[in-house]
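Structure file upload-v5.tsv (TSV, C-alpha atoms) follows.
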chain	number	residue	atom	x	y	z
A	1320	MET	CA	-1.04	-3.67	7.57
A	1321	LEU	CA	1.13	-5.27	4.90
A	1322	SER	CA	2.58	-1.90	3.89
A	1323	GLU	CA	4.27	0.79	5.92
A	1324	PRO	CA	1.85	3.64	6.66
A	1325	ARG	CA	2.70	6.92	4.96
A	1326	SER	CA	2.27	8.66	8.30
A	1327	GLY	CA	5.01	6.42	9.69
A	1328	ARG	CA	7.45	7.40	6.95
A	1329	LEU	CA	6.63	11.10	7.34
A	1330	ALA	CA	7.02	11.04	11.13
A	1331	ALA	CA	10.17	8.92	11.17
A	1332	TRP	CA	12.09	10.83	8.50
A	1333	GLY	CA	10.61	14.14	9.58
A	1334	ASN	CA	11.96	13.49	13.08
A	1335	ALA	CA	15.38	12.64	11.65
A	1336	LEU	CA	15.33	15.89	9.67
A	1337	LEU	CA	14.22	17.97	12.65
A	1338	ALA	CA	17.05	16.44	14.69
A	1339	GLY	CA	19.58	17.35	11.99
A	1340	LEU	CA	20.43	13.71	11.25
A	1341	VAL	CA	19.49	13.69	7.54
A	1342	SER	CA	19.32	16.26	4.75
A	1343	PRO	CA	15.99	17.64	3.50
A	1344	ASP	CA	16.47	15.88	0.15
A	1345	ASP	CA	17.10	12.49	1.79
A	1346	ALA	CA	14.15	12.90	4.14
A	1347	VAL	CA	11.71	13.83	1.36
A	1348	LEU	CA	12.97	11.00	-0.86
A	1349	ALA	CA	12.33	8.49	1.93
A	1350	VAL	CA	8.89	9.89	2.75
A	1351	VAL	CA	7.67	9.91	-0.85
A	1352	GLY	CA	8.92	6.37	-1.50
A	1353	ASP	CA	7.19	4.89	-4.54
A	1354	ASP	CA	4.62	7.71	-4.75
A	1355	ALA	CA	4.93	10.35	-7.46
A	1356	VAL	CA	4.73	13.43	-5.27
A	1357	HIS	CA	3.61	14.65	-1.83
A	1358	ARG	CA	2.23	18.11	-1.14
A	1359	VAL	CA	0.91	19.83	1.98
A	1360	ALA	CA	-2.30	21.90	1.88
A	1361	GLY	CA	-3.58	24.30	4.52
A	1362	LEU	CA	-0.17	25.10	5.93
A	1363	PRO	CA	-0.25	28.36	7.94
A	1364	GLY	CA	1.08	31.19	5.80
A	1365	GLU	CA	0.50	29.40	2.48
A	1366	SER	CA	-2.52	29.97	0.26
A	1367	ALA	CA	-1.92	26.87	-1.91
A	1368	PRO	CA	-0.43	23.40	-1.50
A	1369	VAL	CA	3.36	23.37	-1.22
A	1370	GLY	CA	6.04	20.75	-1.66
A	1371	LEU	CA	7.16	18.57	1.20
A	1372	THR	CA	10.60	20.19	1.53
A	1373	LEU	CA	9.12	23.66	2.01
A	1374	ALA	CA	6.40	22.29	4.30
A	1375	LEU	CA	8.84	20.57	6.67
A	1376	GLY	CA	10.93	23.73	6.86
A	1377	ARG	CA	7.85	25.82	7.56
A	1378	LEU	CA	6.70	23.44	10.32
A	1379	ARG	CA	10.07	23.89	11.99
A	1380	THR	CA	9.70	27.69	11.94
A	1381	LEU	CA	6.21	27.28	13.44
A	1382	GLY	CA	7.75	25.59	16.46
A	1383	VAL	CA	7.40	21.92	15.55
A	1384	THR	CA	10.13	19.89	17.26
A	1385	ALA	CA	8.94	16.34	16.55
A	1386	LEU	CA	6.21	14.35	14.84
A	1387	ARG	CA	3.91	11.68	16.25
A	1388	VAL	CA	1.91	8.99	14.43
A	1389	ALA	CA	-1.77	8.13	14.89
A	1390	LEU	CA	-3.24	4.93	13.42
A	1391	PRO	CA	-6.91	5.14	14.41
A	1392	ALA	CA	-9.80	2.88	13.46
A	1393	PRO	CA	-13.56	3.19	14.05
A	1394	GLY	CA	-14.11	2.96	17.79
A	1395	HIS	CA	-10.38	3.25	18.51
A	1396	PRO	CA	-8.93	6.80	18.19
A	1397	LEU	CA	-5.37	5.52	18.63
A	1398	GLY	CA	-2.92	8.41	18.87
A	1399	LEU	CA	-5.51	11.17	18.47
A	1400	SER	CA	-6.27	14.04	20.82
A	1401	GLY	CA	-9.08	15.93	19.04
A	1402	PRO	CA	-10.92	17.98	18.05
A	1403	PRO	CA	-13.68	15.73	16.67
A	1404	GLU	CA	-13.38	17.14	13.14
A	1405	PHE	CA	-9.70	16.22	12.92
A	1406	ASN	CA	-10.29	12.84	14.55
A	1407	GLN	CA	-12.95	11.92	11.99
A	1408	ARG	CA	-10.73	12.81	9.04
A	1409	ALA	CA	-7.90	10.78	10.57
A	1410	ILE	CA	-10.19	7.80	11.21
A	1411	ASP	CA	-11.42	7.94	7.61
A	1412	ALA	CA	-7.81	7.94	6.38
A	1413	GLU	CA	-6.80	5.39	9.05
A	1414	GLU	CA	-3.71	7.44	9.84
A	1415	ALA	CA	-2.40	10.91	10.69
A	1416	VAL	CA	0.67	12.77	11.88
A	1417	ILE	CA	0.48	15.00	14.96
A	1418	CYS	CA	2.99	17.82	15.41
A	1419	HIS	CA	4.80	18.16	18.73
A	1420	GLY	CA	5.41	21.80	19.62
A	1421	ALA	CA	2.57	23.26	17.56
A	1422	ALA	CA	-1.16	22.49	17.59
A	1423	LEU	CA	-1.20	21.08	14.06
A	1424	GLY	CA	-1.89	17.72	12.48
A	1425	LEU	CA	-1.54	16.24	8.99
A	1426	VAL	CA	-3.97	13.81	7.35
A	1427	PRO	CA	-3.12	12.24	3.97
A	1428	GLU	CA	-5.45	12.13	0.99
A	1429	VAL	CA	-4.32	9.76	-1.74
A	1430	TYR	CA	-5.02	10.21	-5.45
A	1431	GLU	CA	-4.34	7.76	-8.25
A	1432	ALA	CA	-3.92	8.98	-11.83
A	1433	GLY	CA	-2.82	7.64	-15.19
A	1434	PRO	CA	-3.83	4.77	-17.49
A	1435	GLU	CA	-3.99	1.15	-16.37
A	1436	GLY	CA	-0.52	-0.24	-16.04
A	1437	ASP	CA	1.00	3.21	-15.55
A	1438	VAL	CA	-0.84	4.50	-12.50
A	1439	HIS	CA	1.00	6.98	-10.29
A	1440	VAL	CA	0.07	8.05	-6.79
A	1441	GLU	CA	-0.07	11.61	-5.52
A	1442	VAL	CA	-0.57	12.45	-1.84
A	1443	VAL	CA	-1.91	15.67	-0.36
A	1444	TRP	CA	-1.37	16.12	3.37
A	1445	HIS	CA	-4.08	18.35	4.84
A	1446	CYS	CA	-2.72	20.50	7.67
A	1447	LEU	CA	-5.38	21.11	10.33
A	1448	ALA	CA	-5.64	22.37	13.88
A	1449	VAL	CA	-5.46	19.78	16.66
A	1450	ARG	CA	-6.03	19.87	20.40
A	1451	GLU	CA	-2.91	19.91	22.55
A	1452	ALA	CA	-3.57	16.95	24.83
A	1453	PRO	CA	-2.10	13.50	25.52
A	1454	PRO	CA	-2.70	11.11	22.58
A	1455	ALA	CA	-5.27	8.38	23.09
A	1456	ASP	CA	-4.24	4.83	24.05
A	1457	VAL	CA	-0.55	5.03	23.07
A	1458	PRO	CA	1.60	2.60	25.11
A	1459	SER	CA	5.26	2.96	25.96
A	1460	LEU	CA	7.72	0.90	23.94
A	1461	GLY	CA	8.14	-1.55	26.79
A	1462	GLU	CA	4.39	-2.00	27.21
A	1463	ALA	CA	3.92	-2.41	23.46
A	1464	GLU	CA	6.59	-5.09	23.21
A	1465	ARG	CA	5.15	-7.12	26.08
A	1466	GLU	CA	1.55	-6.78	24.83
A	1467	LEU	CA	2.50	-7.76	21.29
A	1468	ALA	CA	4.34	-10.90	22.34
A	1469	GLU	CA	1.44	-11.99	24.57
A	1470	ALA	CA	-1.24	-11.23	21.95
A	1471	LEU	CA	0.69	-13.10	19.28
A	1472	ARG	CA	0.94	-16.21	21.47
A	1473	GLU	CA	-2.76	-16.15	22.34
A	1474	ALA	CA	-3.90	-15.59	18.76
A	1475	THR	CA	-1.62	-18.33	17.43
A	1476	GLU	CA	-3.05	-20.82	19.94
A	1477	VAL	CA	-6.65	-19.97	19.03
A	1478	LEU	CA	-6.09	-19.96	15.27
A	1479	THR	CA	-4.17	-23.22	15.37
A	1480	ARG	CA	-6.96	-24.85	17.41
A	1481	LEU	CA	-9.52	-23.71	14.84
A	1482	ASP	CA	-7.29	-24.76	11.93
A	1483	VAL	CA	-7.43	-21.25	10.48
A	1484	ALA	CA	-3.86	-20.11	10.91
A	1485	ALA	CA	-2.32	-18.65	7.76
A	1486	SER	CA	-1.11	-21.57	5.67
A	1487	GLY	CA	-0.80	-22.78	2.12
A	1488	PRO	CA	0.92	-21.31	-0.95
A	1489	VAL	CA	-0.85	-17.93	-0.81
A	1490	ALA	CA	0.23	-17.33	2.77
A	1491	GLU	CA	3.75	-18.58	2.10
A	1492	ALA	CA	4.11	-16.26	-0.90
A	1493	ALA	CA	2.91	-13.24	1.11
A	1494	ILE	CA	5.29	-13.98	3.97
A	1495	ASP	CA	8.19	-14.52	1.55
A	1496	ALA	CA	7.40	-11.14	-0.05
A	1497	TYR	CA	7.48	-9.50	3.39
A	1498	ARG	CA	10.86	-11.08	4.14
A	1499	ALA	CA	12.23	-9.94	0.78
A	1500	ARG	CA	11.13	-6.36	1.48
A	1501	ALA	CA	12.72	-6.52	4.91
A	1502	GLU	CA	16.02	-7.72	3.47
A	1503	ARG	CA	16.02	-4.99	0.79
A	1504	GLY	CA	15.61	-2.25	3.38
A	1505	ARG	CA	16.83	-3.17	6.83
A	1506	GLU	CA	16.43	0.42	8.00
A	1507	VAL	CA	12.79	0.19	8.98
A	1508	LEU	CA	13.09	3.45	10.91
A	1509	ALA	CA	15.04	6.61	10.20
A	1510	PRO	CA	18.31	7.53	11.96
A	1511	GLY	CA	17.94	8.57	15.58
A	1512	TYR	CA	15.52	5.87	16.70
A	1513	PRO	CA	16.51	3.51	19.55
A	1514	PRO	CA	17.14	-0.16	18.66
A	1515	ARG	CA	14.16	-1.23	20.75
A	1516	ALA	CA	11.84	0.86	18.56
A	1517	VAL	CA	13.20	-0.88	15.47
A	1518	ARG	CA	12.64	-4.27	17.10
A	1519	VAL	CA	9.07	-3.44	18.12
A	1520	LEU	CA	8.19	-2.07	14.68
A	1521	GLU	CA	9.60	-5.12	12.89
A	1522	LEU	CA	7.58	-7.45	15.12
A	1523	ALA	CA	4.42	-5.36	14.71
A	1524	GLN	CA	4.83	-5.41	10.92
A	1525	ARG	CA	5.35	-9.18	10.90
A	1526	VAL	CA	2.22	-9.64	12.99
A	1527	GLY	CA	0.34	-7.31	10.67
A	1528	THR	CA	1.44	-9.38	7.70
A	1529	LEU	CA	0.16	-12.58	9.28
A	1530	ILE	CA	-3.17	-10.93	10.14
A	1531	SER	CA	-3.59	-9.67	6.58
A	1532	VAL	CA	-2.79	-13.09	5.16
A	1533	ALA	CA	-5.26	-14.74	7.53
A	1534	TYR	CA	-8.03	-12.39	6.41
A	1535	GLU	CA	-7.15	-12.68	2.72
A	1536	ASN	CA	-7.25	-16.48	2.90
A	1537	GLY	CA	-10.99	-16.46	3.51
A	1538	HIS	CA	-12.15	-18.52	6.45
A	1539	GLY	CA	-9.48	-21.20	6.25
A	1540	GLY	CA	-10.62	-24.31	8.07
A	1541	ALA	CA	-13.40	-22.53	9.95
A	1542	VAL	CA	-16.63	-23.91	8.55
A	1543	SER	CA	-19.27	-23.02	11.11
A	1544	ALA	CA	-20.54	-19.56	11.97
A	1545	GLY	CA	-19.30	-20.06	15.51
A	1546	GLU	CA	-15.81	-20.98	14.34
A	1547	MET	CA	-15.69	-18.00	11.98
A	1548	ALA	CA	-16.76	-15.69	14.79
A	1549	ALA	CA	-14.10	-17.17	17.07
A	1550	ARG	CA	-11.51	-16.61	14.36
A	1551	ALA	CA	-12.48	-12.96	13.94
A	1552	GLN	CA	-12.52	-12.52	17.71
A	1553	ALA	CA	-8.97	-13.88	17.88
A	1554	LEU	CA	-7.69	-11.60	15.13
A	1555	ARG	CA	-9.26	-8.32	16.27
A	1556	PRO	CA	-7.33	-7.84	19.53
A	1557	VAL	CA	-3.98	-8.84	18.03
A	1558	GLU	CA	-4.52	-6.44	15.10
A	1559	ARG	CA	-5.32	-3.69	17.60
A	1560	THR	CA	-2.22	-4.54	19.62
A	1561	ALA	CA	-0.06	-4.50	16.49
A	1562	ARG	CA	-1.33	-1.04	15.59
A	1563	ARG	CA	-0.61	0.21	19.11
A	1564	ALA	CA	2.91	-1.23	18.86
A	1565	GLN	CA	3.52	0.49	15.54
A	1566	VAL	CA	2.47	3.83	17.00
A	1567	ALA	CA	4.69	3.31	20.03
A	1568	ALA	CA	7.67	2.57	17.79
A	1569	TYR	CA	7.17	5.59	15.53
A	1570	ASN	CA	6.63	7.83	18.57
A	1571	ALA	CA	9.66	6.55	20.47
A	1572	VAL	CA	11.69	9.68	19.71
A	1573	VAL	CA	9.09	11.90	21.36
A	1574	GLU	CA	8.71	9.45	24.25
A	1575	GLU	CA	12.46	9.51	24.92
A	1576	ARG	CA	12.53	13.30	24.79
A	1577	GLU	CA	9.63	13.66	27.22
A	1578	ARG	CA	11.15	11.11	29.60
A	1579	GLY	CA	14.44	13.03	29.58
A	1580	MET	CA	12.63	16.28	30.51
A	1581	ARG	CA	11.08	14.83	33.65

Taking this structure as input, can you express it in the form of structure tokens?
Amino acid sequence: MLSEPRSGRLAAWGNALLAGLVSPDDAVLAVVGDDAVHRVAGLPGESAPVGLTLALGRLRTLGVTALRVALPAPGHPLGLSGPPEFNQRAIDAEEAVICHGAALGLVPEVYEAGPEGDVHVEVVWHCLAVREAPPADVPSLGEAERELAEALREATEVLTRLDVAASGPVAEAAIDAYRARAERGREVLAPGYPPRAVRVLELAQRVGTLISVAYENGHGGAVSAGEMAARAQALRPVERTARRAQVAAYNAVVEERERGMR
């Protein structure tokens, strides 16, 4: 969870584009980021993969009004609504984008090419049919913020007691790198998102950074099998909560729209 999911960038900037808040060029530039190129395969009406600009325009004509994020994991179909074939592809990729207004979903497939030291990344988004149903296990922004704060407190207490909290030069370097990235790009979400969504996403990303550092630092001070199991048990629920919070933040635009229609 150290890096922003590609599905998050696509949903956030796609939503800004669909709302008329950014230009197609700016949206595509933000979605592609450091990758070389993004294409969309399987788009209705297209026999071959097309560029992201054309794909986003075509989705609009197909009735898409907003984009949701799914960040599933094995045993936790977070943000998914089926069918099973789509869910499995999304779980394998650990992310997906679900279209609001049309029964379509997008799952990324990432390719790396080029010699060592000059590797570039290409992404193909596979457009597939999805089931129109409420997404699984997605909290509201308010619920996500409360759950994340509580989970972070509980995990910190457990990890500190076991002497396995992220510490040392490796952890400090990773956290400093996260802070540097945050300072370089304060706009963690695209235009049109409420401030609370930005706050929740920033906290979820910070928590994700700490979890990644804790895992990457081996077993820290946990020396017994029991202590290592307790450490993993403490990390799993907070990682799950951080993923749920990320999804809630990225989906805040759709949540606000649905609330306003009631």

Close residues, region 1551-1564 of chain A itself excluded, 6 Å, only C-alpha atoms, min 6 positions apart in chain, as a PDB file with C-alpha atoms, keeping the file's coordinate frame:
ATOM      1  CA  ALA A1463       3.920  -2.410  23.460  1.00  0.00           C
ATOM      2  CA  LEU A1467       2.500  -7.760  21.290  1.00  0.00           C
ATOM      3  CA  ALA A1470      -1.240 -11.230  21.950  1.00  0.00           C
ATOM      4  CA  ALA A1474      -3.900 -15.590  18.760  1.00  0.00           C
ATOM      5  CA  ALA A1523       4.420  -5.360  14.710  1.00  0.00           C
TER       6      ALA A1523
END

| message | Which residues are close to Leu1381 (chain A), i.e. within 9 Å by all atoms listed in the file, leaving aside same-chain residues fewer than 5 positions away? Reply as an MDAnalysis selection string. | response | chainID A and resid 1363 1376 1420:1421

| field | Selected residue, from A:Arg1465, A:His1395, A:Arg1515, A:Arg1408, that lies nearest to Ala1571 (chain A) when counting only C-alpha atoms | value | A:Arg1515

| So which residues touch region 1443-1448 of chain A within 6 Å, counting all atoms listed in the file, skipping near sequence neighbours fewer than 5 positions away, as an MDAnalysis selection string? | chainID A and resid 1357:1362 1422:1428

| To one decimal place, how far is CA of Pro1393 (chain A) from CA of Ile1410 (chain A) in Å? | 6.4 Å

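Between Leu1397 (chain A) and the candidates A:Gly1333, A:Gly1527, A:Pro1453, A:Gly1352, the tightest atom-to-atom separation, counting all atoms listed in the file, involves A:Pro1453.
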
| message | Using only C-alpha atoms for the distances, tell me which of A:Ala1549, A:Leu1460, A:Val1438, A:Ile1417 is nearest to Val1383 (chain A). | response | A:Ile1417

| request: Check the smallest atom-to-atom distance from each of A:Val1572, A:Val1416, A:Leu1329, A:Leu1386 to Gly1511 (chain A) using only C-alpha atoms, then report the winner. | output: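 Using only C-alpha atoms, Gly1511 (chain A) sits closest to A:Val1572.
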
| By how many Å are CA of Ser1531 (chain A) and CA of Arg1472 (chain A) apart? | 16.9 Å

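The space between CA of Ala1331 (chain A) and CA of Glu1466 (chain A) spans 22.5 Å.
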
| said: With only C-alpha atoms as the counted atoms, please give the residues lying no more than 12 Å from Asp1354 (chain A), apart from itself and same-chain residues fewer than 4 positions off, as a ChimeraX atom specification. | reply: /A:1325,1347-1350,1358,1429-1432,1438-1443

Write a file of the just-selected residues containing C-alpha atoms, as a CSV table (one decimal), keeping the file's coordinate frame.
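Output saved as selection03.csv:
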chain,number,residue,atom,x,y,z
A,1325,ARG,CA,2.7,6.9,5.0
A,1347,VAL,CA,11.7,13.8,1.4
A,1348,LEU,CA,13.0,11.0,-0.9
A,1349,ALA,CA,12.3,8.5,1.9
A,1350,VAL,CA,8.9,9.9,2.8
A,1358,ARG,CA,2.2,18.1,-1.1
A,1429,VAL,CA,-4.3,9.8,-1.7
A,1430,TYR,CA,-5.0,10.2,-5.4
A,1431,GLU,CA,-4.3,7.8,-8.2
A,1432,ALA,CA,-3.9,9.0,-11.8
A,1438,VAL,CA,-0.8,4.5,-12.5
A,1439,HIS,CA,1.0,7.0,-10.3
A,1440,VAL,CA,0.1,8.0,-6.8
A,1441,GLU,CA,-0.1,11.6,-5.5
A,1442,VAL,CA,-0.6,12.4,-1.8
A,1443,VAL,CA,-1.9,15.7,-0.4
